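*Asks:* My structure is stored as start.cif, with mmCIF, C-alpha atoms, pLDDT in the B column; chains and numbers go by the auth columns.
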```
data_model
loop_
_atom_site.group_PDB
_atom_site.id
_atom_site.type_symbol
_atom_site.label_atom_id
_atom_site.label_comp_id
_atom_site.label_asym_id
_atom_site.label_seq_id
_atom_site.Cartn_x
_atom_site.Cartn_y
_atom_site.Cartn_z
_atom_site.B_iso_or_equiv
_atom_site.auth_seq_id
_atom_site.auth_asym_id
ATOM 1 C CA MET A 1 18.073 -8.187 -10.891 48.00 1 A
ATOM 2 C CA ASN A 2 16.050 -10.646 -8.773 65.00 2 A
ATOM 3 C CA THR A 3 17.044 -14.278 -9.072 72.00 3 A
ATOM 4 C CA HIS A 4 14.416 -15.413 -6.551 85.00 4 A
ATOM 5 C CA PHE A 5 11.165 -14.242 -8.158 93.00 5 A
ATOM 6 C CA ARG A 6 9.402 -12.994 -11.210 94.00 6 A
ATOM 7 C CA TYR A 7 6.547 -10.603 -10.549 96.00 7 A
ATOM 8 C CA ASP A 8 3.054 -10.461 -11.992 97.00 8 A
ATOM 9 C CA PHE A 9 1.409 -7.270 -10.783 98.00 9 A
ATOM 10 C CA ALA A 10 -1.272 -4.684 -11.428 98.00 10 A
ATOM 11 C CA ALA A 11 -1.762 -1.183 -9.987 98.00 11 A
ATOM 12 C CA LEU A 12 -5.160 0.523 -10.267 98.00 12 A
ATOM 13 C CA THR A 13 -6.765 3.617 -8.785 98.00 13 A
ATOM 14 C CA ASP A 14 -10.262 5.109 -9.081 98.00 14 A
ATOM 15 C CA ARG A 15 -11.823 8.282 -7.710 97.00 15 A
ATOM 16 C CA GLY A 16 -14.805 6.298 -6.430 97.00 16 A
ATOM 17 C CA CYS A 17 -18.495 7.088 -6.555 98.00 17 A
ATOM 18 C CA LEU A 18 -18.689 10.280 -4.479 95.00 18 A
ATOM 19 C CA ARG A 19 -15.414 12.195 -4.815 93.00 19 A
ATOM 20 C CA ASP A 20 -14.831 14.713 -7.618 92.00 20 A
ATOM 21 C CA GLN A 21 -11.044 14.262 -7.557 94.00 21 A
ATOM 22 C CA ASN A 22 -8.648 11.403 -6.940 96.00 22 A
ATOM 23 C CA GLU A 23 -6.101 12.259 -4.243 96.00 23 A
ATOM 24 C CA ASP A 24 -4.553 8.770 -4.291 98.00 24 A
ATOM 25 C CA SER A 25 -1.326 7.991 -6.114 98.00 25 A
ATOM 26 C CA VAL A 26 0.143 4.591 -6.940 98.00 26 A
ATOM 27 C CA ILE A 27 3.551 3.502 -8.164 98.00 27 A
ATOM 28 C CA ALA A 28 4.831 0.136 -9.397 98.00 28 A
ATOM 29 C CA LEU A 29 8.583 -0.285 -9.875 98.00 29 A
ATOM 30 C CA PRO A 30 9.332 -4.004 -10.259 96.00 30 A
ATOM 31 C CA GLU A 31 12.839 -3.181 -11.429 96.00 31 A
ATOM 32 C CA PHE A 32 13.472 -1.766 -7.938 97.00 32 A
ATOM 33 C CA GLY A 33 11.287 -4.329 -6.123 97.00 33 A
ATOM 34 C CA LEU A 34 9.004 -1.523 -4.948 98.00 34 A
ATOM 35 C CA TRP A 35 5.254 -0.922 -5.042 98.00 35 A
ATOM 36 C CA ALA A 36 3.384 1.755 -3.090 99.00 36 A
ATOM 37 C CA VAL A 37 0.024 3.421 -2.504 98.00 37 A
ATOM 38 C CA ALA A 38 -0.236 6.970 -1.155 98.00 38 A
ATOM 39 C CA ASP A 39 -3.604 8.348 -0.019 98.00 39 A
ATOM 40 C CA GLY A 40 -3.563 12.132 0.061 96.00 40 A
ATOM 41 C CA MET A 41 -5.551 14.308 2.439 93.00 41 A
ATOM 42 C CA GLY A 42 -6.386 17.975 2.698 85.00 42 A
ATOM 43 C CA GLY A 43 -8.354 18.508 -0.493 77.00 43 A
ATOM 44 C CA HIS A 44 -7.475 18.594 -4.177 68.00 44 A
ATOM 45 C CA ALA A 45 -4.785 21.298 -3.887 73.00 45 A
ATOM 46 C CA ALA A 46 -3.180 19.535 -0.937 90.00 46 A
ATOM 47 C CA GLY A 47 -3.842 15.787 -0.898 94.00 47 A
ATOM 48 C CA GLU A 48 -3.204 15.149 -4.567 94.00 48 A
ATOM 49 C CA VAL A 49 0.016 17.153 -4.377 95.00 49 A
ATOM 50 C CA ALA A 50 1.161 15.363 -1.211 96.00 50 A
ATOM 51 C CA SER A 51 0.585 11.836 -2.517 98.00 51 A
ATOM 52 C CA GLY A 52 2.143 12.842 -5.831 97.00 52 A
ATOM 53 C CA MET A 53 5.292 14.076 -4.094 98.00 53 A
ATOM 54 C CA ILE A 54 5.671 10.747 -2.324 98.00 54 A
ATOM 55 C CA VAL A 55 5.543 8.697 -5.521 98.00 55 A
ATOM 56 C CA GLU A 56 7.817 11.193 -7.281 98.00 56 A
ATOM 57 C CA GLU A 57 10.452 10.665 -4.619 98.00 57 A
ATOM 58 C CA LEU A 58 10.026 6.881 -4.586 98.00 58 A
ATOM 59 C CA ALA A 59 10.534 6.825 -8.358 98.00 59 A
ATOM 60 C CA SER A 60 14.190 7.737 -7.778 98.00 60 A
ATOM 61 C CA THR A 61 14.872 4.844 -5.385 98.00 61 A
ATOM 62 C CA GLY A 62 17.118 2.977 -7.810 97.00 62 A
ATOM 63 C CA VAL A 63 18.463 -0.565 -7.635 96.00 63 A
ATOM 64 C CA ALA A 64 19.545 -1.535 -4.130 97.00 64 A
ATOM 65 C CA VAL A 65 22.486 -3.803 -3.332 96.00 65 A
ATOM 66 C CA SER A 66 20.775 -5.393 -0.320 97.00 66 A
ATOM 67 C CA ALA A 67 17.438 -5.441 1.474 97.00 67 A
ATOM 68 C CA GLN A 68 18.847 -3.117 4.126 98.00 68 A
ATOM 69 C CA ASP A 69 20.032 -0.698 1.447 98.00 69 A
ATOM 70 C CA GLN A 70 16.613 -0.849 -0.198 98.00 70 A
ATOM 71 C CA ARG A 71 14.846 0.058 3.065 98.00 71 A
ATOM 72 C CA ALA A 72 17.272 2.902 3.697 98.00 72 A
ATOM 73 C CA ARG A 73 16.718 4.312 0.199 98.00 73 A
ATOM 74 C CA VAL A 74 12.926 4.186 0.549 98.00 74 A
ATOM 75 C CA ILE A 75 12.908 5.760 4.018 98.00 75 A
ATOM 76 C CA ALA A 76 15.245 8.525 2.824 98.00 76 A
ATOM 77 C CA ARG A 77 12.863 9.340 -0.031 98.00 77 A
ATOM 78 C CA ILE A 78 9.845 9.339 2.254 98.00 78 A
ATOM 79 C CA ASP A 79 11.733 11.757 4.532 98.00 79 A
ATOM 80 C CA ARG A 80 12.468 13.955 1.528 98.00 80 A
ATOM 81 C CA ALA A 81 8.802 13.878 0.485 98.00 81 A
ATOM 82 C CA ASN A 82 7.830 14.796 4.039 97.00 82 A
ATOM 83 C CA ARG A 83 9.969 17.922 3.901 97.00 83 A
ATOM 84 C CA ARG A 84 8.645 18.838 0.447 96.00 84 A
ATOM 85 C CA ILE A 85 5.023 18.535 1.593 96.00 85 A
ATOM 86 C CA LEU A 86 5.673 20.643 4.697 95.00 86 A
ATOM 87 C CA ASP A 87 7.372 23.285 2.550 95.00 87 A
ATOM 88 C CA HIS A 88 4.518 23.241 0.010 92.00 88 A
ATOM 89 C CA ALA A 89 1.919 23.632 2.756 91.00 89 A
ATOM 90 C CA GLY A 90 3.821 26.502 4.322 89.00 90 A
ATOM 91 C CA ARG A 91 4.293 28.393 1.062 91.00 91 A
ATOM 92 C CA ASN A 92 0.771 27.850 -0.250 87.00 92 A
ATOM 93 C CA GLY A 93 -1.329 27.890 2.880 84.00 93 A
ATOM 94 C CA ALA A 94 -2.362 24.299 2.202 77.00 94 A
ATOM 95 C CA ARG A 95 -3.532 23.465 5.702 78.00 95 A
ATOM 96 C CA GLY A 96 -4.035 19.778 6.297 82.00 96 A
ATOM 97 C CA ALA A 97 -1.806 18.688 3.413 91.00 97 A
ATOM 98 C CA GLY A 98 -0.422 15.213 3.921 96.00 98 A
ATOM 99 C CA SER A 99 -0.649 11.632 2.804 97.00 99 A
ATOM 100 C CA THR A 100 -0.577 8.100 4.062 98.00 100 A
ATOM 101 C CA VAL A 101 1.842 5.721 2.402 98.00 101 A
ATOM 102 C CA ALA A 102 2.082 1.938 2.292 98.00 102 A
ATOM 103 C CA ALA A 103 5.028 0.453 0.428 98.00 103 A
ATOM 104 C CA LEU A 104 5.961 -3.149 -0.287 98.00 104 A
ATOM 105 C CA LEU A 105 9.664 -3.835 -0.810 98.00 105 A
ATOM 106 C CA LEU A 106 10.975 -7.115 -2.227 98.00 106 A
ATOM 107 C CA HIS A 107 14.688 -7.830 -2.545 96.00 107 A
ATOM 108 C CA GLU A 108 15.699 -11.344 -3.468 93.00 108 A
ATOM 109 C CA GLY A 109 13.929 -13.466 -0.832 94.00 109 A
ATOM 110 C CA GLU A 110 13.375 -10.658 1.686 97.00 110 A
ATOM 111 C CA LEU A 111 10.341 -8.447 2.091 98.00 111 A
ATOM 112 C CA ALA A 112 9.637 -5.240 3.966 98.00 112 A
ATOM 113 C CA CYS A 113 6.634 -3.008 4.494 98.00 113 A
ATOM 114 C CA VAL A 114 7.170 0.699 5.115 98.00 114 A
ATOM 115 C CA TRP A 115 4.080 2.676 6.009 98.00 115 A
ATOM 116 C CA ALA A 116 2.450 5.590 7.799 98.00 116 A
ATOM 117 C CA GLY A 117 -1.301 5.936 8.219 97.00 117 A
ATOM 118 C CA ASP A 118 -4.122 3.524 7.414 96.00 118 A
ATOM 119 C CA SER A 119 -3.240 2.313 3.936 98.00 119 A
ATOM 120 C CA ARG A 120 -2.417 -1.377 4.252 98.00 120 A
ATOM 121 C CA VAL A 121 -0.310 -4.260 2.987 98.00 121 A
ATOM 122 C CA TYR A 122 -1.745 -7.788 3.063 98.00 122 A
ATOM 123 C CA LEU A 123 -0.156 -11.161 2.310 98.00 123 A
ATOM 124 C CA LEU A 124 -2.095 -14.142 1.004 98.00 124 A
ATOM 125 C CA ARG A 125 -0.027 -17.313 1.496 98.00 125 A
ATOM 126 C CA ASP A 126 -1.404 -20.839 1.118 96.00 126 A
ATOM 127 C CA GLY A 127 -4.935 -19.475 1.281 96.00 127 A
ATOM 128 C CA ARG A 128 -4.367 -17.598 4.537 97.00 128 A
ATOM 129 C CA LEU A 129 -4.589 -13.806 4.678 98.00 129 A
ATOM 130 C CA THR A 130 -2.247 -11.851 6.967 98.00 130 A
ATOM 131 C CA ARG A 131 -2.349 -8.102 7.489 98.00 131 A
ATOM 132 C CA LEU A 132 1.324 -7.077 7.492 98.00 132 A
ATOM 133 C CA THR A 133 0.715 -3.486 8.585 98.00 133 A
ATOM 134 C CA ARG A 134 -1.211 -2.029 11.515 96.00 134 A
ATOM 135 C CA ASP A 135 -3.256 1.120 11.051 96.00 135 A
ATOM 136 C CA HIS A 136 -2.011 4.379 12.518 95.00 136 A
ATOM 137 C CA SER A 137 -5.509 5.626 13.310 88.00 137 A
ATOM 138 C CA GLU A 138 -7.689 6.640 16.202 88.00 138 A
ATOM 139 C CA VAL A 139 -10.058 3.698 15.807 85.00 139 A
ATOM 140 C CA ALA A 140 -7.136 1.250 15.607 86.00 140 A
ATOM 141 C CA LEU A 141 -5.992 2.454 19.016 87.00 141 A
ATOM 142 C CA LEU A 142 -9.498 1.919 20.397 84.00 142 A
ATOM 143 C CA ILE A 143 -9.662 -1.580 18.887 83.00 143 A
ATOM 144 C CA ALA A 144 -6.276 -2.439 20.414 84.00 144 A
ATOM 145 C CA ALA A 145 -7.529 -1.204 23.786 86.00 145 A
ATOM 146 C CA GLY A 146 -10.638 -3.376 23.520 86.00 146 A
ATOM 147 C CA GLN A 147 -12.921 -0.331 23.434 83.00 147 A
ATOM 148 C CA MET A 148 -14.201 -0.812 19.875 86.00 148 A
ATOM 149 C CA THR A 149 -14.831 -3.724 17.510 82.00 149 A
ATOM 150 C CA GLU A 150 -13.779 -3.865 13.848 79.00 150 A
ATOM 151 C CA ASP A 151 -17.428 -3.475 12.793 77.00 151 A
ATOM 152 C CA GLU A 152 -17.869 -0.464 15.061 78.00 152 A
ATOM 153 C CA ALA A 153 -14.677 1.068 13.723 77.00 153 A
ATOM 154 C CA ARG A 154 -15.880 0.663 10.145 73.00 154 A
ATOM 155 C CA ALA A 155 -19.068 2.591 10.973 74.00 155 A
ATOM 156 C CA SER A 156 -17.442 5.215 13.206 76.00 156 A
ATOM 157 C CA SER A 157 -17.480 8.879 12.209 71.00 157 A
ATOM 158 C CA ARG A 158 -13.855 8.951 13.451 79.00 158 A
ATOM 159 C CA ARG A 159 -12.653 6.138 11.180 74.00 159 A
ATOM 160 C CA ASN A 160 -10.655 8.518 8.966 75.00 160 A
ATOM 161 C CA VAL A 161 -8.762 10.188 11.824 86.00 161 A
ATOM 162 C CA ILE A 162 -5.177 8.983 11.445 89.00 162 A
ATOM 163 C CA THR A 163 -2.409 9.335 13.992 93.00 163 A
ATOM 164 C CA ARG A 164 0.587 9.231 11.648 95.00 164 A
ATOM 165 C CA ALA A 165 1.074 10.504 8.098 96.00 165 A
ATOM 166 C CA ILE A 166 3.646 11.988 5.752 98.00 166 A
ATOM 167 C CA GLY A 167 3.795 15.774 5.557 96.00 167 A
ATOM 168 C CA VAL A 168 2.169 16.587 8.895 92.00 168 A
ATOM 169 C CA GLY A 169 5.264 16.768 11.111 90.00 169 A
ATOM 170 C CA ASP A 170 8.998 16.318 11.260 90.00 170 A
ATOM 171 C CA PRO A 171 10.397 13.662 11.201 91.00 171 A
ATOM 172 C CA ALA A 172 8.158 11.487 9.049 93.00 172 A
ATOM 173 C CA ALA A 173 8.729 8.342 11.174 92.00 173 A
ATOM 174 C CA PRO A 174 7.195 5.590 9.009 97.00 174 A
ATOM 175 C CA GLU A 175 6.920 2.143 10.582 98.00 175 A
ATOM 176 C CA VAL A 176 8.820 -0.834 9.138 98.00 176 A
ATOM 177 C CA VAL A 177 8.321 -4.597 9.343 98.00 177 A
ATOM 178 C CA THR A 178 10.446 -7.224 7.601 98.00 178 A
ATOM 179 C CA GLY A 179 10.124 -10.873 6.677 98.00 179 A
ATOM 180 C CA LEU A 180 10.716 -13.467 3.989 97.00 180 A
ATOM 181 C CA ALA A 181 8.816 -13.845 0.727 97.00 181 A
ATOM 182 C CA MET A 182 7.917 -17.223 -0.751 96.00 182 A
ATOM 183 C CA ASP A 183 6.966 -18.626 -4.114 95.00 183 A
ATOM 184 C CA ARG A 184 3.265 -18.043 -4.905 96.00 184 A
ATOM 185 C CA ASP A 185 2.861 -15.290 -2.321 98.00 185 A
ATOM 186 C CA ARG A 186 0.226 -12.766 -3.322 98.00 186 A
ATOM 187 C CA PHE A 187 0.404 -9.255 -1.864 98.00 187 A
ATOM 188 C CA LEU A 188 -2.229 -6.534 -1.759 98.00 188 A
ATOM 189 C CA ILE A 189 -1.375 -2.881 -1.106 99.00 189 A
ATOM 190 C CA CYS A 190 -4.456 -0.695 -0.775 98.00 190 A
ATOM 191 C CA SER A 191 -5.886 2.573 0.468 98.00 191 A
ATOM 192 C CA ASP A 192 -8.624 2.725 3.080 96.00 192 A
ATOM 193 C CA GLY A 193 -11.055 3.429 0.254 97.00 193 A
ATOM 194 C CA LEU A 194 -11.085 -0.346 -0.193 97.00 194 A
ATOM 195 C CA THR A 195 -10.856 -1.562 3.385 95.00 195 A
ATOM 196 C CA GLU A 196 -13.722 0.580 4.680 92.00 196 A
ATOM 197 C CA HIS A 197 -16.042 -1.557 2.515 94.00 197 A
ATOM 198 C CA PHE A 198 -14.583 -5.023 3.234 94.00 198 A
ATOM 199 C CA GLU A 199 -13.862 -7.296 6.135 92.00 199 A
ATOM 200 C CA ASP A 200 -10.578 -9.169 5.932 95.00 200 A
ATOM 201 C CA ALA A 201 -12.402 -12.439 5.200 96.00 201 A
ATOM 202 C CA GLU A 202 -13.940 -10.870 2.099 97.00 202 A
ATOM 203 C CA ILE A 203 -10.553 -9.559 0.991 98.00 203 A
ATOM 204 C CA ALA A 204 -9.146 -13.063 1.420 98.00 204 A
ATOM 205 C CA ARG A 205 -11.898 -14.483 -0.772 97.00 205 A
ATOM 206 C CA LEU A 206 -11.332 -11.965 -3.550 97.00 206 A
ATOM 207 C CA LEU A 207 -7.541 -12.248 -3.392 97.00 207 A
ATOM 208 C CA GLY A 208 -7.823 -16.021 -3.445 97.00 208 A
ATOM 209 C CA GLN A 209 -9.431 -16.052 -6.866 94.00 209 A
ATOM 210 C CA ALA A 210 -7.438 -17.818 -9.535 90.00 210 A
ATOM 211 C CA GLY A 211 -6.117 -15.625 -12.302 94.00 211 A
ATOM 212 C CA ARG A 212 -3.561 -12.993 -13.101 97.00 212 A
ATOM 213 C CA ALA A 213 -2.905 -10.054 -10.806 98.00 213 A
ATOM 214 C CA ALA A 214 -4.692 -7.704 -13.215 98.00 214 A
ATOM 215 C CA SER A 215 -7.987 -9.610 -13.074 98.00 215 A
ATOM 216 C CA VAL A 216 -7.880 -9.734 -9.266 98.00 216 A
ATOM 217 C CA ALA A 217 -7.112 -6.011 -8.986 98.00 217 A
ATOM 218 C CA GLU A 218 -9.957 -5.214 -11.373 98.00 218 A
ATOM 219 C CA ALA A 219 -12.336 -7.373 -9.326 98.00 219 A
ATOM 220 C CA LEU A 220 -11.378 -5.537 -6.125 98.00 220 A
ATOM 221 C CA ILE A 221 -12.018 -2.130 -7.708 98.00 221 A
ATOM 222 C CA ARG A 222 -15.224 -3.289 -9.356 98.00 222 A
ATOM 223 C CA GLU A 223 -16.659 -4.687 -6.112 98.00 223 A
ATOM 224 C CA THR A 224 -15.689 -1.543 -4.178 98.00 224 A
ATOM 225 C CA LEU A 225 -17.516 0.610 -6.716 98.00 225 A
ATOM 226 C CA ALA A 226 -20.529 -1.698 -6.473 98.00 226 A
ATOM 227 C CA ARG A 227 -20.574 -1.084 -2.712 97.00 227 A
ATOM 228 C CA GLY A 228 -20.679 2.682 -3.136 97.00 228 A
ATOM 229 C CA ALA A 229 -16.952 3.604 -3.001 97.00 229 A
ATOM 230 C CA ARG A 230 -17.314 6.571 -0.659 94.00 230 A
ATOM 231 C CA ASP A 231 -13.622 7.443 -1.052 95.00 231 A
ATOM 232 C CA ASN A 232 -10.932 7.165 -3.693 97.00 232 A
ATOM 233 C CA VAL A 233 -9.815 3.554 -3.956 98.00 233 A
ATOM 234 C CA SER A 234 -6.387 2.211 -4.943 98.00 234 A
ATOM 235 C CA VAL A 235 -5.094 -1.340 -5.133 98.00 235 A
ATOM 236 C CA ILE A 236 -1.857 -3.010 -6.144 99.00 236 A
ATOM 237 C CA VAL A 237 -1.724 -6.792 -6.449 98.00 237 A
ATOM 238 C CA VAL A 238 1.721 -8.425 -6.648 98.00 238 A
ATOM 239 C CA ASP A 239 2.308 -12.135 -7.258 98.00 239 A
ATOM 240 C CA CYS A 240 5.713 -13.690 -6.544 96.00 240 A
ATOM 241 C CA GLN A 241 6.627 -16.471 -8.925 93.00 241 A
ATOM 242 C CA ALA A 242 9.801 -18.526 -8.677 90.00 242 A
ATOM 243 C CA PRO A 243 11.579 -18.548 -12.043 84.00 243 A
ATOM 244 C CA PRO A 244 11.720 -21.906 -13.827 78.00 244 A
ATOM 245 C CA THR A 245 14.856 -23.976 -13.456 67.00 245 A
ATOM 246 C CA LEU A 246 17.144 -24.425 -16.440 41.00 246 A
ATOM 247 C CA ALA A 247 15.818 -27.985 -16.876 42.00 247 A
ATOM 248 C CA GLU A 248 12.227 -26.725 -16.992 58.00 248 A
ATOM 249 C CA GLU A 249 13.175 -24.060 -19.534 51.00 249 A
ATOM 250 C CA LEU A 250 14.817 -26.699 -21.764 39.00 250 A
ATOM 251 C CA ASP A 251 11.668 -28.817 -21.596 48.00 251 A
#
```
Written as structure tokens, how would this file's structure read?
*Replies:*
Amino acid sequence: MNTHFRYDFAALTDRGCLRDQNEDSVIALPEFGLWAVADGMGGHAAGEVASGMIVEELASTGVAVSAQDQRARVIARIDRANRRILDHAGRNGARGAGSTVAALLLHEGELACVWAGDSRVYLLRDGRLTRLTRDHSEVALLIAAGQMTEDEARASSRRNVITRAIGVGDPAAPEVVTGLAMDRDRFLICSDGLTEHFEDAEIARLLGQAGRAASVAEALIRETLARGARDNVSVIVVDCQAPPTLAEELD
């Protein structure tokens, strides 16, 4: 279904060192060119349900005929999850129910990120790390305004206050960016349970390790736990690999 790339990937989630429950959900659908992390909020009866509804809807995305079709399918399912979460909260009194989402979409040579909240998508290309998403959070607004540094934001008591999420209003309004994928690109999709413990330079170092996606994802989780993992932590690592040519296969 994708003549441009083969994918090596790993998706892991952990409740962390302090939380009793894991409200994160992850989904990996290479057959659809789709990987996503959803970080629920509102407590066990709300956050876990909200993030679960998002991945349930994304699971029905199906095979797209174009990158534009793929984006439209994903956004439609996020909208449907948004309505389901709002309905669940209304019927069950689940105040504060909602979830971030960060999704990576790959279709042939095109990529897209669809997200709401402070879960992130990173790209490591030729040893250089690029953050493809921008946080929808209170501290991100202050950083953009020059009123707070990244270090101050990481230590702020307001660091978890997000300004956009799924299930907190209608419409859902996720943000979208697009681009082109290349051979040997490595992507990271993660919840803020990872990024609150790491600067981007540290993420670049860990992502830059040689090895399969699974070993890199395990290293990211392991190091987050070693640093105290105050929140649930979820990571998906996706490597794009150009398929061998016919001549190489015959060799």
*Asks:* Using all atoms listed in the file, pick whichever of A:Ala165, A:Ala229, A:Met182, A:Ala204 has the shortest atom-to-atom distance to His107 of chain A.
*Replies:*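 Using all atoms listed in the file, His107 of chain A sits closest to A:Met182.
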*Asks:* Quick one: pull the distance between atom CA of Ala38 of chain A and atom CA of Thr3 of chain A, Å, one decimal.
*Replies:* 28.5 Å
*Asks:* In terms of the shortest atom-to-atom distance over only C-alpha atoms, which of A:Ala89, A:Leu106, A:Leu58, A:Val121 is closest to Asp135 of chain A?
*Replies:*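 So, comparing all the options, the nearest one is A:Val121.
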*Asks:* What gap, in Å, lies between atom CA of Leu12 of chain A and atom CA of Gly43 of chain A?
*Replies:*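 Atom CA of Gly43 of chain A lies 20.7 Å from atom CA of Leu12 of chain A.
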*Asks:* How many Å separate atom CA of Tyr7 of chain A from atom CA of Ser191 of chain A?
*Replies:*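 If I compute the distance from atom CA of Tyr7 of chain A to atom CA of Ser191 of chain A, I get 21.2 Å.
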*Asks:* If you count only C-alpha atoms, which residues fall within 10 Å of Asp170 of chain A, apart from same-chain ones fewer than 3 positions away, as a ChimeraX atom specification?
*Replies:* /A:79,82-83,86,166-167,173
*Asks:* From the set A:Ser119, A:Ser25, A:Thr149, A:Ser137, which residue has the shortest atom-to-atom contact distance to Thr195 of chain A, counting only C-alpha atoms?
*Replies:*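 Among the listed residues, A:Ser119 lies closest to Thr195 of chain A.
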*Asks:* Find the spatial neighbours of Leu142 of chain A, counting all atoms listed in the file, within a cut-off of 12 Å - ignore same-chain residues fewer than 5 positions away - and output them as a short mmCIF file (atom, residue, chain, number, x, y, z; two decimals) with C-alpha atoms, in the coordinates of the input.
*Replies:*
```cif
data_model
loop_
_atom_site.label_atom_id
_atom_site.label_comp_id
_atom_site.auth_asym_id
_atom_site.auth_seq_id
_atom_site.Cartn_x
_atom_site.Cartn_y
_atom_site.Cartn_z
CA ASP A 135 -3.26 1.12 11.05
CA HIS A 136 -2.01 4.38 12.52
CA SER A 137 -5.51 5.63 13.31
CA GLN A 147 -12.92 -0.33 23.43
CA MET A 148 -14.20 -0.81 19.88
CA THR A 149 -14.83 -3.72 17.51
CA GLU A 150 -13.78 -3.86 13.85
CA GLU A 152 -17.87 -0.46 15.06
CA ALA A 153 -14.68 1.07 13.72
CA SER A 156 -17.44 5.22 13.21
CA ARG A 158 -13.86 8.95 13.45
CA ARG A 159 -12.65 6.14 11.18
CA VAL A 161 -8.76 10.19 11.82
#
```
*Asks:* Considering all atoms listed in the file, can you say which of A:Arg212, A:Arg230, A:Arg125, A:Arg134 comes closest to Glu175 of chain A?
*Replies:*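 Looking only at the distances to Glu175 of chain A, the closest residue turns out to be A:Arg134.
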*Asks:* Which neighbours of Asp126 of chain A fall inside 10 Å, counting only C-alpha atoms, when residues of the same chain fewer than 3 positions from it are skipped, and could you give them as a PyMOL selection string?
*Replies:* chain A and resi 123+129+184-186+208
*Asks:* Which residue is closest to Ile236 of chain A? Choose from A:Glu57, A:Asp87, A:Glu196, A:Glu218 and count all atoms listed in the file.
*Replies:* A:Glu218
*Asks:* Written as a PyMOL selection string, which residues does the PyMOL selection byres ((chain A and resi 61-77) around 10) give for the file shown?
*Replies:* chain A and resi 1+29+31-34+53-60+78-83+103+105-115+172-176+178
*Asks:* On this structure, the PyMOL selection byres ((chain A and resi 241-243) around 6) would catch which residues? List them as a compact mmCIF listing (two decimals) with C-alpha atoms, in the coordinates of the input, sorted by chain and number.
*Replies:*
```
# COMPACT_ATOMS: atom_id res chain seq x y z
CA HIS A 4 14.42 -15.41 -6.55
CA PHE A 5 11.16 -14.24 -8.16
CA ARG A 6 9.40 -12.99 -11.21
CA ASP A 183 6.97 -18.63 -4.11
CA ARG A 184 3.26 -18.04 -4.90
CA CYS A 240 5.71 -13.69 -6.54
CA PRO A 244 11.72 -21.91 -13.83
```
*Asks:* Please evaluate the PyMOL selection byres ((chain A and resi 14) around 12) against the displayed coordinates and give the resulting residues as number ranges by chain.
*Replies:* A: 11-13, 15-26, 39, 190-191, 193-194, 217-218, 220-222, 224-225, 229-235
*Asks:* With 3 Å added on each side, what axis-aligned box encloses every listed atom of segment 183-187 of chain A? Give the centre and edge lengths in Å to one decimal, as JSON.
*Replies:*
```
{"center_x": 3.6, "center_y": -13.9, "center_z": -3.4, "size_x": 12.7, "size_y": 15.4, "size_z": 9.0}
```
*Asks:* Between A:Arg120, A:Arg128, A:His88, A:His197, which one has atoms that come closest to Ala155 of chain A, using only C-alpha atoms?
*Replies:*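 Counting only C-alpha atoms, the residue closest to Ala155 of chain A is A:His197.
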